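S.K.: Contents of entry_17.cif (mmCIF, C-alpha atoms):
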data_start
#
loop_
_atom_site.label_atom_id
_atom_site.label_comp_id
_atom_site.auth_asym_id
_atom_site.auth_seq_id
_atom_site.Cartn_x
_atom_site.Cartn_y
_atom_site.Cartn_z
CA MET A 12 73.70 119.98 88.38
CA LEU A 13 70.73 118.81 86.41
CA ARG A 14 68.49 121.31 84.73
CA ALA A 15 64.80 120.98 85.42
CA GLY A 16 63.96 120.44 81.77
CA SER A 17 66.20 117.41 81.44
CA GLY A 18 64.82 115.69 84.52
CA ALA A 19 62.32 113.35 82.91
CA GLY A 20 64.82 112.07 80.38
CA VAL A 21 67.39 111.41 83.06
CA VAL A 22 64.89 109.51 85.18
CA ALA A 23 63.93 107.41 82.17
CA ALA A 24 67.59 106.69 81.47
CA LEU A 25 68.17 105.69 85.09
CA ALA A 26 65.17 103.39 85.04
CA ALA A 27 66.35 101.85 81.78
CA ALA A 28 69.75 101.17 83.32
CA GLY A 29 68.17 99.48 86.33
CA PHE A 30 69.79 102.06 88.55
CA PHE A 31 66.52 102.90 90.20
CA ALA A 32 65.37 99.37 90.65
CA PRO A 33 65.96 97.99 94.15
CA GLY A 34 63.25 95.43 94.77
CA GLU A 35 62.75 94.86 91.06
CA ALA A 36 62.77 91.44 89.49
CA LEU A 37 65.99 89.74 88.46
CA ALA A 38 65.38 90.86 84.89
CA ALA A 39 66.66 94.29 85.93
CA TRP A 40 70.31 93.57 84.99
CA ALA A 41 71.68 96.87 83.71
CA LYS A 42 72.71 95.65 80.24
CA ASP A 43 73.54 99.07 78.80
CA ALA A 44 75.75 99.99 81.73
CA PHE A 45 77.58 96.64 81.74
CA GLU A 46 78.20 96.85 78.00
CA GLY A 47 79.80 100.28 78.35
CA LYS A 48 83.27 100.29 76.76
CA SER A 49 84.48 103.39 78.58
CA VAL A 50 83.98 104.84 82.05
CA ALA A 51 82.08 107.70 80.42
CA ASP A 52 79.72 105.30 78.60
CA ALA A 53 79.06 103.21 81.69
CA MET A 54 78.47 106.26 83.86
CA LYS A 55 76.14 107.73 81.28
CA ALA A 56 74.18 104.46 81.20
CA MET A 57 73.91 104.64 84.98
CA GLY A 58 72.62 108.19 84.78
CA ALA A 59 75.78 109.71 86.21
CA THR A 60 76.11 112.52 83.70
CA ALA A 61 77.51 114.80 86.39
CA SER A 62 79.85 113.54 89.09
CA GLY A 63 82.71 114.73 91.20
CA ALA A 64 85.62 113.22 93.10
CA SER A 65 84.90 112.96 96.80
CA GLY A 66 86.81 112.01 99.93
CA ASP A 67 83.65 110.26 101.10
CA VAL A 68 84.35 107.49 98.60
CA GLN A 69 87.09 105.07 99.54
CA ILE A 70 88.80 102.32 97.56
CA VAL A 71 90.76 99.82 99.60
CA ALA A 72 93.10 97.82 97.36
CA SER A 73 96.81 97.24 97.08
CA ASP A 74 98.79 99.44 94.67
CA ILE A 75 100.17 96.42 92.85
CA ALA A 76 98.25 93.28 91.96
CA GLU A 77 100.49 90.36 91.15
CA ASN A 78 97.67 88.41 89.53
CA GLY A 79 95.19 90.38 87.46
CA ALA A 80 92.75 87.48 87.56
CA VAL A 81 92.13 88.02 91.26
CA VAL A 82 92.39 91.61 92.49
CA PRO A 83 90.84 92.15 95.93
CA ILE A 84 88.96 95.43 96.19
CA GLN A 85 86.83 97.04 98.87
CA ALA A 86 84.49 99.93 98.03
CA ILE A 87 83.26 102.08 100.90
CA SER A 88 81.04 105.14 100.97
CA LYS A 89 80.97 107.55 103.90
CA ALA A 90 78.41 109.78 102.16
CA ALA A 91 75.02 110.21 103.81
CA ASN A 92 72.10 108.45 102.11
CA THR A 93 74.26 106.26 99.90
CA GLN A 94 71.97 104.48 97.46
CA GLN A 95 74.29 102.60 95.14
CA ILE A 96 77.97 101.77 94.71
CA ALA A 97 79.54 100.72 91.40
CA ILE A 98 83.05 99.48 90.60
CA MET A 99 84.57 100.28 87.20
CA VAL A 100 87.91 99.23 85.67
CA GLU A 101 88.90 101.79 83.05
CA LYS A 102 90.94 99.52 80.78
CA ASN A 103 88.82 96.37 80.92
CA PRO A 104 86.90 95.60 77.69
CA ASN A 105 83.68 96.22 79.59
CA VAL A 106 84.47 98.69 82.32
CA LEU A 107 81.65 98.04 84.78
CA ALA A 108 82.35 95.18 87.21
CA ALA A 109 79.55 95.48 89.74
CA ILE A 110 76.68 97.58 91.06
CA PHE A 111 75.60 97.17 94.67
CA ASP A 112 72.26 98.47 95.90
CA VAL A 113 72.55 99.97 99.37
CA GLY A 114 69.23 99.35 101.07
CA PRO A 115 68.38 100.39 104.63
CA ASP A 116 69.67 97.10 106.04
CA VAL A 117 73.26 97.03 104.77
CA LEU A 118 76.34 99.20 105.22
CA PRO A 119 77.82 100.91 102.13
CA ASP A 120 80.91 98.70 102.36
CA PHE A 121 81.47 95.86 99.90
CA THR A 122 84.45 93.63 99.23
CA THR A 123 84.98 91.43 96.20
CA ARG A 124 87.66 90.30 93.78
CA ILE A 125 87.84 91.54 90.21
CA LYS A 126 89.71 90.73 87.02
CA MET A 127 92.02 93.31 85.45
CA GLY A 128 93.50 92.77 82.00
CA GLU A 129 96.27 95.30 82.59
CA THR A 130 97.35 98.16 84.82
CA SER A 131 94.41 100.53 85.04
CA ASN A 132 92.57 103.13 87.01
CA VAL A 133 89.76 101.67 89.09
CA THR A 134 86.88 104.05 89.79
CA VAL A 135 84.24 103.61 92.44
CA LEU A 136 81.04 105.51 91.71
CA VAL A 137 78.68 106.28 94.59
CA LYS A 138 75.15 107.53 94.24
CA ALA A 139 74.19 109.35 97.42
CA ASP A 140 71.26 111.69 97.94
CA GLY A 141 70.71 111.64 94.18
CA LYS A 142 74.24 112.91 93.46
CA PHE A 143 77.16 110.98 92.01
CA LEU A 144 80.54 110.89 93.72
CA THR A 145 83.71 109.11 92.64
CA ALA A 146 87.13 107.99 93.78
CA THR A 147 89.81 106.64 91.49
CA LYS A 148 92.91 104.59 92.25
CA GLU A 149 95.49 103.16 89.88
CA ILE A 150 96.23 99.49 90.41
CA LYS A 151 99.32 98.11 88.70
CA VAL A 152 98.95 94.61 87.34
CA THR A 153 102.07 92.52 86.80
CA LEU A 154 100.23 89.51 85.29
CA GLY A 155 97.04 90.20 83.32
CA GLY A 156 93.83 88.39 84.18
CA CYS A 157 91.87 88.41 80.96
CA GLY A 158 94.26 86.76 78.52
CA GLY A 159 93.36 83.59 76.64
CA MET B 10 73.45 71.64 89.08
CA PRO B 11 75.71 74.47 90.27
CA SER B 12 78.04 73.78 93.18
CA PRO B 13 77.16 75.11 96.61
CA MET B 14 78.42 78.39 98.03
CA ARG B 15 80.35 78.67 101.24
CA ILE B 16 78.79 81.32 103.47
CA ARG B 17 80.10 82.62 106.79
CA ALA B 18 78.04 85.11 108.75
CA ALA B 19 79.36 86.48 112.03
CA SER B 20 77.64 89.00 114.28
CA LYS B 21 79.67 91.53 116.26
CA ASP B 22 78.66 94.84 117.84
CA GLY B 23 75.30 94.88 116.06
CA ILE B 24 76.75 94.27 112.60
CA THR B 25 76.64 90.95 110.79
CA GLU B 26 79.51 90.47 108.39
CA VAL B 27 78.69 88.02 105.61
CA ARG B 28 81.46 86.44 103.55
CA ILE B 29 80.62 84.29 100.56
CA LEU B 30 82.63 82.10 98.23
CA MET B 31 80.71 81.06 95.13
CA ASN B 32 81.59 78.38 92.61
CA HIS B 33 81.35 79.82 89.12
CA GLU B 34 83.49 80.01 86.00
CA MET B 35 82.77 83.72 85.40
CA GLU B 36 83.78 83.35 81.75
CA THR B 37 84.19 86.79 80.21
CA GLY B 38 83.31 86.08 76.58
CA GLN B 39 86.67 87.63 75.61
CA ARG B 40 88.75 84.45 75.65
CA LYS B 41 89.30 82.04 72.78
CA ASP B 42 89.76 78.28 72.97
CA SER B 43 92.66 76.40 71.34
CA ALA B 44 90.76 76.31 68.03
CA GLY B 45 90.39 80.09 68.06
CA LYS B 46 86.68 80.05 68.82
CA VAL B 47 85.40 82.59 71.30
CA ILE B 48 84.35 80.96 74.57
CA PRO B 49 80.86 82.32 75.27
CA ALA B 50 80.36 84.60 78.25
CA TRP B 51 79.01 82.79 81.30
CA PHE B 52 78.83 84.76 84.51
CA ILE B 53 76.74 85.59 87.55
CA GLN B 54 74.57 88.63 86.84
CA GLU B 55 72.51 89.03 89.98
CA VAL B 56 73.12 88.38 93.65
CA LYS B 57 70.54 88.73 96.38
CA ALA B 58 70.83 88.23 100.11
CA SER B 59 68.27 88.08 102.86
CA LEU B 60 68.25 87.96 106.64
CA ASN B 61 65.51 85.76 108.15
CA GLY B 62 63.66 85.85 104.85
CA LYS B 63 63.77 89.64 104.46
CA GLU B 64 65.75 90.85 101.46
CA VAL B 65 68.64 93.08 102.53
CA LEU B 66 70.88 93.26 99.46
CA GLN B 67 70.82 93.22 95.69
CA ALA B 68 73.85 93.39 93.45
CA GLN B 69 74.42 93.25 89.71
CA TRP B 70 77.64 91.83 88.38
CA GLY B 71 79.47 91.81 85.08
CA PRO B 72 82.05 89.30 83.83
CA SER B 73 84.91 91.29 85.44
CA ILE B 74 84.21 89.64 88.79
CA SER B 75 86.86 86.96 89.36
CA LYS B 76 86.27 83.26 88.84
CA ASN B 77 84.81 81.57 91.92
CA PRO B 78 83.67 84.94 93.26
CA TYR B 79 84.37 86.18 96.76
CA PHE B 80 81.91 88.70 98.11
CA ALA B 81 81.66 90.26 101.57
CA PHE B 82 79.15 92.75 102.93
CA LYS B 83 77.78 93.95 106.26
CA ILE B 84 74.18 93.75 107.46
CA LYS B 85 72.90 96.19 110.08
CA GLY B 86 71.63 94.03 112.92
CA GLY B 87 71.42 90.28 112.96
CA LYS B 88 72.28 87.98 115.84
CA ALA B 89 73.53 84.46 116.45
CA GLY B 90 71.07 81.90 115.09
CA ASP B 91 69.59 84.20 112.42
CA ALA B 92 69.40 82.81 108.90
CA VAL B 93 71.34 84.45 106.06
CA SER B 94 70.32 83.31 102.58
CA VAL B 95 72.18 84.12 99.37
CA THR B 96 70.96 83.55 95.80
CA TRP B 97 72.77 84.07 92.52
CA LEU B 98 71.48 83.99 88.97
CA ASP B 99 73.75 83.72 85.92
CA ASN B 100 73.32 84.77 82.30
CA ARG B 101 72.30 81.23 81.33
CA GLY B 102 69.44 81.38 83.81
CA GLU B 103 71.05 78.97 86.24
CA THR B 104 70.56 79.83 89.87
CA ARG B 105 71.77 78.67 93.25
CA THR B 106 70.60 79.47 96.78
CA ASP B 107 72.42 78.61 100.00
CA GLU B 108 71.84 79.48 103.61
CA ALA B 109 73.95 79.85 106.73
CA LYS B 110 73.30 80.57 110.39
CA VAL B 111 74.78 83.70 111.93
CA THR B 112 77.39 82.90 114.57
#
Please express what this file holds, its structure, as structure tokens.
M.R.:
Amino acid sequence: MLRAGSGAGVVAALAAAGFFAPGEALAAWAKDAFEGKSVADAMKAMGATASGASGDVQIVASDIAENGAVVPIQAISKAANTQQIAIMVEKNPNVLAAIFDVGPDVLPDFTTRIKMGETSNVTVLVKADGKFLTATKEIKVTLGGCGG
Amino acid sequence: MPSPMRIRAASKDGITEVRILMNHEMETGQRKDSAGKVIPAWFIQEVKASLNGKEVLQAQWGPSISKNPYFAFKIKGGKAGDAVSVTWLDNRGETRTDEAKVT
């Protein structure tokens, strides 16, 4: 839980990370969050200083990815008032893959394909009702996707 | 000039599922060429979608999204004949917009 005294700083950090910016101009790309080298760094840049695992967050992906260059992944939130969903790959050089803004007109259910350099935990972070929820799944990669 | 996207939008039971295939290298900035020089990062950073001109979705991407990105999402509402428009912007400032009719 956030203490009252830290509120302003957290809001500023969220704004800086573009996490509060639906409807903002394209310049809102969350540079600090995308440059995070660890899940902790990326989450901090997104303002998620406190989070907890939740069954309301679902990751749909196979346990083993044969080709790390193309790993299908679906991120779903069942939490009420879902505002944002982010996908992070723990062992990628930059962990954050994507942030999706969940406006009133879309379902909190996104599918894409990501690159994974090696076997890693994949964490989906959901912001719902101002709180941060996570789910984590290990995906084994037999052929890495980030090699030269 | 960036290559066009392929967009499919299908309405069923009050939900419009949009599936997009984009043409983009999505270069991570981690790889090196044969001479050992780092290949600069080049990737889509922002994706926006709208239904009949009203913005419904914004996403921010990093270079971990796969080459020639696939992206699917679901719009509340929408019906056959509605227009779905998708725009991306990459870190070089290149942009591409394509449109499809909901079926």
S.K.: Give me, as JSON lines, the closest atom pair and its distance (Å, one decimal) for every residue of chain A within a cut-off of 9 Å of chain B, counting all atoms listed in the file, rows sorted by chain and rising number.
M.R.:
{"residue": "A:Pro33", "atom": "CA", "partner": "B:Gln67", "partner_atom": "CA", "distance": 7.0}
{"residue": "A:Gly34", "atom": "CA", "partner": "B:Gln67", "partner_atom": "CA", "distance": 7.9}
{"residue": "A:Leu37", "atom": "CA", "partner": "B:Glu55", "partner_atom": "CA", "distance": 6.7}
{"residue": "A:Ala38", "atom": "CA", "partner": "B:Glu55", "partner_atom": "CA", "distance": 8.9}
{"residue": "A:Ala39", "atom": "CA", "partner": "B:Gln69", "partner_atom": "CA", "distance": 8.7}
{"residue": "A:Trp40", "atom": "CA", "partner": "B:Gln69", "partner_atom": "CA", "distance": 6.3}
{"residue": "A:Ala41", "atom": "CA", "partner": "B:Gln69", "partner_atom": "CA", "distance": 7.5}
{"residue": "A:Phe45", "atom": "CA", "partner": "B:Gly71", "partner_atom": "CA", "distance": 6.2}
{"residue": "A:Glu46", "atom": "CA", "partner": "B:Gly71", "partner_atom": "CA", "distance": 8.8}
{"residue": "A:Ala80", "atom": "CA", "partner": "B:Ser75", "partner_atom": "CA", "distance": 6.2}
{"residue": "A:Val81", "atom": "CA", "partner": "B:Ser75", "partner_atom": "CA", "distance": 5.7}
{"residue": "A:Val82", "atom": "CA", "partner": "B:Ser75", "partner_atom": "CA", "distance": 7.9}
{"residue": "A:Pro83", "atom": "CA", "partner": "B:Tyr79", "partner_atom": "CA", "distance": 8.8}
{"residue": "A:Gln85", "atom": "CA", "partner": "B:Ala81", "partner_atom": "CA", "distance": 8.9}
{"residue": "A:Val100", "atom": "CA", "partner": "B:Ser73", "partner_atom": "CA", "distance": 8.5}
{"residue": "A:Asn103", "atom": "CA", "partner": "B:Ser73", "partner_atom": "CA", "distance": 7.8}
{"residue": "A:Pro104", "atom": "CA", "partner": "B:Gln39", "partner_atom": "CA", "distance": 8.2}
{"residue": "A:Asn105", "atom": "CA", "partner": "B:Ser73", "partner_atom": "CA", "distance": 7.7}
{"residue": "A:Val106", "atom": "CA", "partner": "B:Ser73", "partner_atom": "CA", "distance": 8.0}
{"residue": "A:Leu107", "atom": "CA", "partner": "B:Gly71", "partner_atom": "CA", "distance": 6.6}
{"residue": "A:Ala108", "atom": "CA", "partner": "B:Gly71", "partner_atom": "CA", "distance": 4.9}
{"residue": "A:Ala109", "atom": "CA", "partner": "B:Trp70", "partner_atom": "CA", "distance": 4.3}
{"residue": "A:Ile110", "atom": "CA", "partner": "B:Gln69", "partner_atom": "CA", "distance": 5.1}
{"residue": "A:Phe111", "atom": "CA", "partner": "B:Ala68", "partner_atom": "CA", "distance": 4.3}
{"residue": "A:Asp112", "atom": "CA", "partner": "B:Gln67", "partner_atom": "CA", "distance": 5.4}
{"residue": "A:Val113", "atom": "CA", "partner": "B:Leu66", "partner_atom": "CA", "distance": 6.9}
{"residue": "A:Gly114", "atom": "CA", "partner": "B:Val65", "partner_atom": "CA", "distance": 6.5}
{"residue": "A:Pro115", "atom": "CA", "partner": "B:Val65", "partner_atom": "CA", "distance": 7.6}
{"residue": "A:Asp116", "atom": "CA", "partner": "B:Lys85", "partner_atom": "CA", "distance": 5.3}
{"residue": "A:Val117", "atom": "CA", "partner": "B:Ile84", "partner_atom": "CA", "distance": 4.3}
{"residue": "A:Leu118", "atom": "CA", "partner": "B:Lys83", "partner_atom": "CA", "distance": 5.5}
{"residue": "A:Pro119", "atom": "CA", "partner": "B:Lys83", "partner_atom": "CA", "distance": 8.1}
{"residue": "A:Asp120", "atom": "CA", "partner": "B:Phe82", "partner_atom": "CA", "distance": 6.2}
{"residue": "A:Phe121", "atom": "CA", "partner": "B:Phe82", "partner_atom": "CA", "distance": 4.9}
{"residue": "A:Thr122", "atom": "CA", "partner": "B:Ala81", "partner_atom": "CA", "distance": 5.0}
{"residue": "A:Thr123", "atom": "CA", "partner": "B:Phe80", "partner_atom": "CA", "distance": 4.5}
{"residue": "A:Arg124", "atom": "CA", "partner": "B:Ser75", "partner_atom": "CA", "distance": 5.6}
{"residue": "A:Ile125", "atom": "CA", "partner": "B:Ile74", "partner_atom": "CA", "distance": 4.3}
{"residue": "A:Lys126", "atom": "CA", "partner": "B:Ser73", "partner_atom": "CA", "distance": 5.1}
{"residue": "A:Met127", "atom": "CA", "partner": "B:Ser73", "partner_atom": "CA", "distance": 7.4}
{"residue": "A:Gly156", "atom": "CA", "partner": "B:Ser75", "partner_atom": "CA", "distance": 8.8}
{"residue": "A:Cys157", "atom": "CA", "partner": "B:Arg40", "partner_atom": "CA", "distance": 7.3}
{"residue": "A:Gly158", "atom": "CA", "partner": "B:Arg40", "partner_atom": "CA", "distance": 6.6}
{"residue": "A:Gly159", "atom": "CA", "partner": "B:Arg40", "partner_atom": "CA", "distance": 4.8}
S.K.: Go ahead and compute the interatomic distance for CA of Thr104 (chain B) and CA of Met99 (chain A), in Å to one decimal.
M.R.: 24.9 Å
S.K.: Set the distance at 8 Å and use all atoms listed in the file: which residues neighbour Thr112 (chain B) once local chain neighbours fewer than 2 positions away are removed? I'd like the list as a ChimeraX atom specification.
M.R.: /B:18-20,88-90,110
S.K.: Hey, what's within 10 Å of Lys151 (chain A) if we count all atoms listed in the file and toss same-chain stuff fewer than 5 positions away? As a PyMOL selection string, please?
M.R.: chain A and resi 73-79+127+129-132
S.K.: Taking C-alpha atoms for each residue, export the selection above as a PDB file, keeping the file's coordinate frame.
M.R.:
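What landed in again01.pdb:
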ATOM      1  CA  SER A  73      96.810  97.240  97.080  1.00  0.00           C
ATOM      2  CA  ASP A  74      98.790  99.440  94.670  1.00  0.00           C
ATOM      3  CA  ILE A  75     100.170  96.420  92.850  1.00  0.00           C
ATOM      4  CA  ALA A  76      98.250  93.280  91.960  1.00  0.00           C
ATOM      5  CA  GLU A  77     100.490  90.360  91.150  1.00  0.00           C
ATOM      6  CA  ASN A  78      97.670  88.410  89.530  1.00  0.00           C
ATOM      7  CA  GLY A  79      95.190  90.380  87.460  1.00  0.00           C
ATOM      8  CA  MET A 127      92.020  93.310  85.450  1.00  0.00           C
ATOM      9  CA  GLU A 129      96.270  95.300  82.590  1.00  0.00           C
ATOM     10  CA  THR A 130      97.350  98.160  84.820  1.00  0.00           C
ATOM     11  CA  SER A 131      94.410 100.530  85.040  1.00  0.00           C
ATOM     12  CA  ASN A 132      92.570 103.130  87.010  1.00  0.00           C
TER      13      ASN A 132
END
S.K.: Padding of 3 Å on every side, edges along x, y and z, all listed atoms of region 107-125 of chain A included: what centre and edge lengths in Å, to one decimal, does that box have, as JSON?
M.R.:
{"center_x": 78.1, "center_y": 95.6, "center_z": 95.4, "size_x": 25.5, "size_y": 16.6, "size_z": 27.3}
S.K.: So what do you get for CA of Asn61 (chain B) versus CA of Asn92 (chain A), distance-wise?
M.R.: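 Straight-line distance from CA of Asn61 (chain B) to CA of Asn92 (chain A) works out to 24.4 Å.
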S.K.: Rounded to one decimal in Å, what is the spacing between CA of Met54 (chain A) and CA of Gly128 (chain A)?
M.R.: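 Value for the CA of Met54 (chain A)-CA of Gly128 (chain A) distance: 20.3 Å.
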S.K.: Assuming the chain letters and numbering stay as they are in my file, what does the PyMOL selection byres ((chain A and resi 58-70) around 6) actually select? List them as a short mmCIF file (atom, residue, chain, number, x, y, z; two decimals) with C-alpha atoms, in the frame of the given file.
M.R.:
data_model
loop_
_atom_site.label_atom_id
_atom_site.label_comp_id
_atom_site.auth_asym_id
_atom_site.auth_seq_id
_atom_site.Cartn_x
_atom_site.Cartn_y
_atom_site.Cartn_z
CA LEU A 25 68.17 105.69 85.09
CA MET A 54 78.47 106.26 83.86
CA LYS A 55 76.14 107.73 81.28
CA ALA A 56 74.18 104.46 81.20
CA MET A 57 73.91 104.64 84.98
CA VAL A 71 90.76 99.82 99.60
CA GLN A 85 86.83 97.04 98.87
CA ALA A 86 84.49 99.93 98.03
CA ILE A 87 83.26 102.08 100.90
CA SER A 88 81.04 105.14 100.97
CA LYS A 89 80.97 107.55 103.90
CA ALA A 90 78.41 109.78 102.16
CA PHE A 143 77.16 110.98 92.01
CA LEU A 144 80.54 110.89 93.72
CA THR A 145 83.71 109.11 92.64
CA ALA A 146 87.13 107.99 93.78
#
S.K.: Expand the PyMOL selection byres ((chain B and resi 108) around 8) into the explicit residue set it covers here, and present it as a PyMOL selection string.
M.R.: chain B and resi 16+92-95+106-107+109-110
S.K.: Restricting the calculation to only C-alpha atoms: of B:Val111, B:Gly62, B:Asp99, B:Asp91, which residue gets closest to Pro11 (chain B)?
M.R.: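 Comparing B:Val111, B:Gly62, B:Asp99, B:Asp91 against Pro11 (chain B), the winner is B:Asp99.
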S.K.: Output region 60-79 of chain A with N, CA, C and O atoms present, as a CSV table (one decimal), in the coordinates of the input.
M.R.:
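Output contents, as saved in out-v8.csv:
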chain,number,residue,atom,x,y,z
A,60,THR,N,75.6,111.6,84.7
A,60,THR,CA,76.1,112.5,83.7
A,60,THR,C,76.9,113.6,84.4
A,60,THR,O,77.8,114.2,83.7
A,61,ALA,N,76.7,113.8,85.7
A,61,ALA,CA,77.5,114.8,86.4
A,61,ALA,C,78.0,114.1,87.7
A,61,ALA,O,77.2,113.5,88.4
A,62,SER,N,79.3,114.1,87.9
A,62,SER,CA,79.8,113.5,89.1
A,62,SER,C,81.1,114.3,89.5
A,62,SER,O,81.7,115.0,88.7
A,63,GLY,N,81.5,114.1,90.7
A,63,GLY,CA,82.7,114.7,91.2
A,63,GLY,C,83.5,113.9,92.2
A,63,GLY,O,82.9,113.0,92.9
A,64,ALA,N,84.8,114.0,92.2
A,64,ALA,CA,85.6,113.2,93.1
A,64,ALA,C,85.3,113.6,94.5
A,64,ALA,O,85.0,114.8,94.8
A,65,SER,N,85.3,112.7,95.4
A,65,SER,CA,84.9,113.0,96.8
A,65,SER,C,85.7,112.1,97.8
A,65,SER,O,85.9,110.9,97.5
A,66,GLY,N,86.1,112.7,98.9
A,66,GLY,CA,86.8,112.0,99.9
A,66,GLY,C,85.9,111.1,100.7
A,66,GLY,O,86.4,110.2,101.5
A,67,ASP,N,84.6,111.2,100.5
A,67,ASP,CA,83.6,110.3,101.1
A,67,ASP,C,83.6,108.9,100.5
A,67,ASP,O,83.0,108.0,100.9
A,68,VAL,N,84.3,108.8,99.3
A,68,VAL,CA,84.4,107.5,98.6
A,68,VAL,C,85.7,106.9,98.8
A,68,VAL,O,86.7,107.6,98.6
A,69,GLN,N,85.8,105.7,99.3
A,69,GLN,CA,87.1,105.1,99.5
A,69,GLN,C,87.2,103.8,98.8
A,69,GLN,O,86.3,103.0,98.7
A,70,ILE,N,88.4,103.6,98.2
A,70,ILE,CA,88.8,102.3,97.6
A,70,ILE,C,89.9,101.7,98.4
A,70,ILE,O,91.0,102.3,98.6
A,71,VAL,N,89.7,100.5,98.9
A,71,VAL,CA,90.8,99.8,99.6
A,71,VAL,C,91.3,98.7,98.7
A,71,VAL,O,90.5,97.7,98.4
A,72,ALA,N,92.5,98.8,98.2
A,72,ALA,CA,93.1,97.8,97.4
A,72,ALA,C,94.6,98.1,97.4
A,72,ALA,O,95.0,99.2,97.7
A,73,SER,N,95.4,97.0,97.1
A,73,SER,CA,96.8,97.2,97.1
A,73,SER,C,97.2,98.0,95.8
A,73,SER,O,96.5,98.0,94.8
A,74,ASP,N,98.4,98.7,95.8
A,74,ASP,CA,98.8,99.4,94.7
A,74,ASP,C,99.2,98.5,93.5
A,74,ASP,O,99.1,98.9,92.4
A,75,ILE,N,99.7,97.4,93.9
A,75,ILE,CA,100.2,96.4,92.8
A,75,ILE,C,99.5,95.1,93.0
A,75,ILE,O,99.4,94.5,94.1
A,76,ALA,N,98.9,94.6,91.9
A,76,ALA,CA,98.2,93.3,92.0
A,76,ALA,C,99.2,92.3,91.2
A,76,ALA,O,99.4,92.6,90.0
A,77,GLU,N,99.6,91.3,91.9
A,77,GLU,CA,100.5,90.4,91.2
A,77,GLU,C,99.7,89.5,90.1
A,77,GLU,O,100.2,89.2,89.1
A,78,ASN,N,98.5,89.2,90.4
A,78,ASN,CA,97.7,88.4,89.5
A,78,ASN,C,96.4,89.2,89.2
A,78,ASN,O,95.5,89.3,90.0
A,79,GLY,N,96.3,89.6,87.9
A,79,GLY,CA,95.2,90.4,87.5
A,79,GLY,C,93.9,89.6,87.4
A,79,GLY,O,92.8,90.2,87.3
